[in-house]
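Undergrad: Below you'll find the structure I mean.
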2 protein chains.
Amino acid sequence: MNDPETGQPLFVLVRPQLGENIGAAARAMLNFGLDRMALVAPRDGWPNPRATALASGAATRVLDRAGVHTATGDAVADATFVFATTARPRGMVAAVFSPEAAMAHARNLIAAGGRVAVLFGPERTGLETGDVARANAVVSVPVNPAFPSLNLAQCVLLMAYEWRRAAGVVPERVMVAAGTVPATAVEVARMGDRFEAALEAAGFFHPPEKAASMKTVLRAMWARMPLRDADIRVLHGILRQLVRGDGRD
Amino acid sequence: MNDPETGQPLFVLVRPQLGENIGAAARAMLNFGLDRMALVAPRDGWPNPRATALASGAATRVLDRAGVHTATGDAVADATFVFATTARPRGMVAAVFSPEAAMAHARNLIAAGGRVAVLFGPERTGLETGDVARANAVVSVPVNPAFPSLNLAQCVLLMAYEWRRAAGVVPERVMVAAGTVPATAVEVARMGDRFEAALEAAGFFHPPEKAASMKTVLRAMWARMPLRDADIRVLHGILRQLVRGDGRD
C-alpha cells in the first residue's frame, strides 16, 4: 500500500452548506477506506457540531484531520491533477470522465507519484465555473437525465466506491519523463496569473464585457494541459522573452 | 430498450423501518433510471407520508407504484433470479457477487427473458437468514471492513448505479467541448512554428549550441498537450498580442 497521506485522493468539499452533509460525506469516504478531506469555506464555519454528530464514531477522525481553507486554490495547491465533479458538464472544459474512469486514472497518477484532488460543489448549486476551470478534468456521474438529483454525500459515496474498486486493480503503467514531475496546481495557477497579467497589459482581454469569460477559457486551457514542472519553466521563459522588459522576474 | 415492467430488476425493501429511508431509496433508484420497487412489511405501515415527503417530485411515482407484501416470498414470487444484499456474507450461501458483477449478471438474465429481484434488508439488522436462503446469490458491497456503515438508501444507490453501468448507457470517457474538436497535427505544428519564430526573434534560443534541443523540448511540449482547435486560436491570439507589431497575421 502507498503512503496513507498521498496514496489516496484528497476529497475537497467546496463551500458545503449543511454540517450533516459534511458528516455524511466523511462516513461515505471512510466506508471505502478514504480519510483525506479538505473543506473550502464551509458556510456554517468550522468545526461544525452537526457534522461531528452525523459522522459519529470513526468518521469523526476524518473531520478532525480535514484541512480548512478559504479558497479552492489553497486546498488544491499541491495537487498535480484536479478533478471537478459536475452534474452537467457545461461544454467549455476538459475531458469528461465517468467515475470509474476517473478513479482508475487517479490510481495510475498516484501510483506514478502524483497527488490527486477531487472537487465537490455546494449542495444546491454545484461547483462554480471558476472552480471547474481550475480542474484538469471533469467527472460526471451518469445519472438519469430526467431525475439527476444526486446529493453531495451520494456523489462522494460513488466516487469513494469507484476509488476502492480501482484500488483492487493492478494499475496500468504510466509514462513519466525522466527527471520531471507533474506541475502542482499552485505552479500552474502562478504561471496562469503571469500570462493573464501580461495579456491584460497587452490589451488581449477586450471587449471588457468579455474579459471575465476569456480569462476563464484561458485558465481552463492551462488546467487541462498535462503540464510538468519543466513545462512551467518553459512557459515562464516564453513569456519573459516575448514580453521584453515587461513582466520580467 | 426492454419492456419497462420487466426490462429492469425489481428492488425489494424487506421490513424497512424509517419512511425517510424508503423515500431516499426511491430517489436513488430513479437517479439511475429504475422505478420498480416492492415493500415487504414496512414497519410503519403504508402509505407512509414521510417516505412521500422525502421522495418528492418524480420519485413519489416510484412509491405510488410499489407493490406492498406481507412476506418476502410474495414479493419475489414471479422472479426467476433473486439477489440478496448483505454486508457480511455469512458463509452458508450461494455465490457472492460484487455489485458490478451482480448487475452485469442481472442484465444478461433480463436480456434472456428472466425476471430479477434484489432484496435489501432492514436498516439495523440486514436481511434475516431466511430471506438470504431464498436468494439465488448474494451481493456484497466491498466496504472498508473497519467501517462498514452503509445505510439502506446508499446500498440501493450503489446497486442502481451499477445497474445503469451494466445497462451500457455510461460512456467510459467522453471528450466534451461544445463547438470544438481536437486540433489536427498540422494546426499544432503551425502554431508551434509561429511560437518558435517569435521566440527565435526574441533571442529565446541561446546559447546557439542548445537551440536545437530547446526547440525539440518546446515542440514536444505542444505535441503532448491535448489541444483543441479553440486552444490553437487562443494560443495564436496570445502570441499576436504579446509580440506587438511582430509576427502578426
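By convention here, the chains of the C-alpha cells are called A, B, ... in the order presented, each chain's residues are numbered starting at 1, and ligands are numbered starting at 1 in the order presented.
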Can you state the RMSD, in Å, between chain B and chain A once they are superposed by least squares on every Cα paired in order?

TA: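 Between chain A and chain B, the C-alpha RMSD is 23.0 Å.
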
Undergrad: I'd like to know which residues of stretch 1-235 of chain A are helix (DSSP H, G or I) (by DSSP, run on the backbone); could you write them as an MDAnalysis selection string?

TA: chainID A and resid 19:31 49:55 59:64 72:75 99:111 129:133 152:167 185:201 208:224 229:235

Undergrad: Near A:Thr216, counting only C-alpha atoms, which residues have an atom at most 8 Å away, once you skip same-chain residues fewer than 2 positions from it, shown as a list in words?

TA: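 Using only C-alpha atoms, the neighbours found are Thr129, Gly130, Ala133, Ala212, Ser213, Met214, Leu218, Arg219 and Ala220 of chain A.
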
Undergrad: Find the spatial neighbours of stretch 148-159 of chain B, counting only C-alpha atoms, within a cut-off of 7 Å - ignore same-chain residues fewer than 3 positions away - and output them as an MDAnalysis selection string.

TA: (chainID A and resid 31) or (chainID B and resid 21 24:25 28:29 99 123 143:145 162:163)

Undergrad: Taking only C-alpha atoms into account, which residues of chain A are within 8 Å of chain B, as a ChimeraX atom specification?

TA: /A:27-28,30-33,58,89,91-98,100-101,142-144,147-150,154,157-158,164,198-199,202-204,218,221,224-227,231,234,237-238,241-243

Undergrad: Restricted to N, CA and C atoms, what would the selected residues look like written as a compact mmCIF listing (two decimals), in the first residue's frame?

TA:
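Printed below is out.txt as written:
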# COMPACT_ATOMS: atom_id res chain seq x y z
N ARG A 27 -18.44 9.90 6.41
CA ARG A 27 -18.81 8.49 6.56
C ARG A 27 -18.67 7.75 5.24
N ALA A 28 -19.19 8.38 4.17
CA ALA A 28 -19.15 7.74 2.86
C ALA A 28 -17.70 7.48 2.43
N LEU A 30 -15.06 7.09 4.46
CA LEU A 30 -14.45 6.04 5.30
C LEU A 30 -15.03 4.66 4.98
N ASN A 31 -16.29 4.61 4.53
CA ASN A 31 -16.86 3.32 4.09
C ASN A 31 -15.97 2.65 3.05
N PHE A 32 -15.30 3.48 2.27
CA PHE A 32 -14.46 2.91 1.23
C PHE A 32 -12.97 3.20 1.46
N GLY A 33 -12.65 3.44 2.73
CA GLY A 33 -11.24 3.49 3.10
C GLY A 33 -10.53 4.81 2.86
N ALA A 58 -15.82 6.44 14.11
CA ALA A 58 -14.52 6.55 13.44
C ALA A 58 -14.47 7.68 12.42
N PRO A 89 -21.83 18.70 -17.32
CA PRO A 89 -20.67 19.37 -17.90
C PRO A 89 -21.17 20.44 -18.87
N GLY A 91 -19.79 22.16 -21.24
CA GLY A 91 -19.34 22.31 -22.63
C GLY A 91 -17.99 22.95 -22.81
N MET A 92 -17.57 23.78 -21.85
CA MET A 92 -16.37 24.55 -22.16
C MET A 92 -15.09 23.79 -21.85
N VAL A 93 -15.19 22.79 -21.05
CA VAL A 93 -13.97 22.25 -20.45
C VAL A 93 -13.49 20.94 -21.04
N ALA A 94 -12.43 20.60 -20.57
CA ALA A 94 -11.67 19.38 -20.46
C ALA A 94 -12.36 18.07 -20.78
N ALA A 95 -11.59 17.05 -20.58
CA ALA A 95 -12.11 15.68 -20.72
C ALA A 95 -13.15 15.44 -19.65
N VAL A 96 -14.19 14.73 -19.99
CA VAL A 96 -15.19 14.33 -19.02
C VAL A 96 -15.02 12.83 -18.78
N PHE A 97 -14.77 12.48 -17.52
CA PHE A 97 -14.57 11.08 -17.15
C PHE A 97 -15.82 10.55 -16.47
N SER A 98 -16.09 9.27 -16.66
CA SER A 98 -17.04 8.59 -15.78
C SER A 98 -16.34 8.43 -14.42
N GLU A 100 -15.82 5.79 -12.78
CA GLU A 100 -14.92 4.64 -12.88
C GLU A 100 -13.61 5.02 -13.57
N ALA A 101 -13.73 5.67 -14.73
CA ALA A 101 -12.52 6.04 -15.47
C ALA A 101 -11.70 7.06 -14.68
N PRO A 142 -23.17 9.40 -14.26
CA PRO A 142 -24.14 9.22 -15.34
C PRO A 142 -25.55 9.01 -14.83
N VAL A 143 -26.12 10.05 -14.22
CA VAL A 143 -27.48 9.92 -13.67
C VAL A 143 -28.52 9.99 -14.78
N ASN A 144 -29.70 9.55 -14.42
CA ASN A 144 -30.89 9.65 -15.26
C ASN A 144 -31.15 11.13 -15.57
N PHE A 147 -33.97 12.82 -13.90
CA PHE A 147 -34.03 12.89 -12.43
C PHE A 147 -32.61 12.86 -11.87
N PRO A 148 -31.88 13.95 -12.09
CA PRO A 148 -30.46 13.98 -11.71
C PRO A 148 -30.27 14.59 -10.33
N SER A 149 -30.87 13.98 -9.30
CA SER A 149 -30.92 14.68 -8.01
C SER A 149 -29.91 14.19 -6.98
N LEU A 150 -28.80 13.67 -7.43
CA LEU A 150 -27.78 13.17 -6.51
C LEU A 150 -27.37 14.24 -5.50
N GLN A 154 -23.97 11.51 -1.56
CA GLN A 154 -24.12 10.41 -2.51
C GLN A 154 -23.05 10.49 -3.59
N LEU A 157 -19.98 9.33 -2.07
CA LEU A 157 -20.06 7.88 -1.91
C LEU A 157 -19.67 7.15 -3.20
N LEU A 158 -20.23 7.61 -4.32
CA LEU A 158 -19.96 6.92 -5.58
C LEU A 158 -18.49 7.06 -5.99
N ARG A 164 -12.28 2.61 -4.45
CA ARG A 164 -11.97 1.31 -3.86
C ARG A 164 -11.96 0.22 -4.93
N ALA A 198 0.19 39.66 -18.21
CA ALA A 198 0.88 40.15 -19.41
C ALA A 198 -0.13 40.42 -20.53
N LEU A 199 -1.09 39.54 -20.64
CA LEU A 199 -2.10 39.70 -21.69
C LEU A 199 -3.02 40.87 -21.39
N ALA A 202 -1.29 43.83 -22.41
CA ALA A 202 -1.20 43.91 -23.87
C ALA A 202 -2.56 44.13 -24.53
N GLY A 203 -3.60 44.30 -23.73
CA GLY A 203 -4.93 44.58 -24.29
C GLY A 203 -5.62 43.37 -24.91
N PHE A 204 -5.24 42.18 -24.45
CA PHE A 204 -5.79 40.95 -25.03
C PHE A 204 -7.26 40.77 -24.66
N LEU A 218 -9.03 30.76 -20.77
CA LEU A 218 -7.58 30.62 -20.75
C LEU A 218 -7.12 29.78 -19.56
N MET A 221 -7.86 26.26 -20.08
CA MET A 221 -6.93 25.64 -21.03
C MET A 221 -5.66 25.20 -20.31
N ARG A 224 -6.22 22.17 -18.15
CA ARG A 224 -6.49 20.93 -18.88
C ARG A 224 -5.22 20.28 -19.39
N MET A 225 -4.17 21.05 -19.52
CA MET A 225 -2.93 20.53 -20.09
C MET A 225 -2.19 19.69 -19.04
N PRO A 226 -1.61 18.58 -19.46
CA PRO A 226 -0.84 17.75 -18.51
C PRO A 226 0.55 18.34 -18.30
N LEU A 227 0.62 19.49 -17.66
CA LEU A 227 1.89 20.22 -17.56
C LEU A 227 2.80 19.61 -16.52
N ASP A 231 7.70 22.10 -18.02
CA ASP A 231 6.85 22.88 -18.93
C ASP A 231 6.58 24.27 -18.34
N VAL A 234 9.45 26.41 -18.98
CA VAL A 234 9.48 26.82 -20.38
C VAL A 234 8.47 27.94 -20.64
N GLY A 237 9.58 31.09 -19.31
CA GLY A 237 10.65 31.59 -20.19
C GLY A 237 10.10 32.23 -21.45
N ILE A 238 9.11 31.60 -22.03
CA ILE A 238 8.47 32.15 -23.23
C ILE A 238 7.92 33.54 -22.93
N GLN A 241 10.54 36.19 -22.38
CA GLN A 241 11.26 36.58 -23.58
C GLN A 241 10.39 37.38 -24.55
N LEU A 242 9.11 36.99 -24.61
CA LEU A 242 8.22 37.69 -25.54
C LEU A 242 7.85 39.07 -25.04
N VAL A 243 7.66 39.17 -23.74
CA VAL A 243 7.30 40.47 -23.17
C VAL A 243 8.58 41.12 -22.66
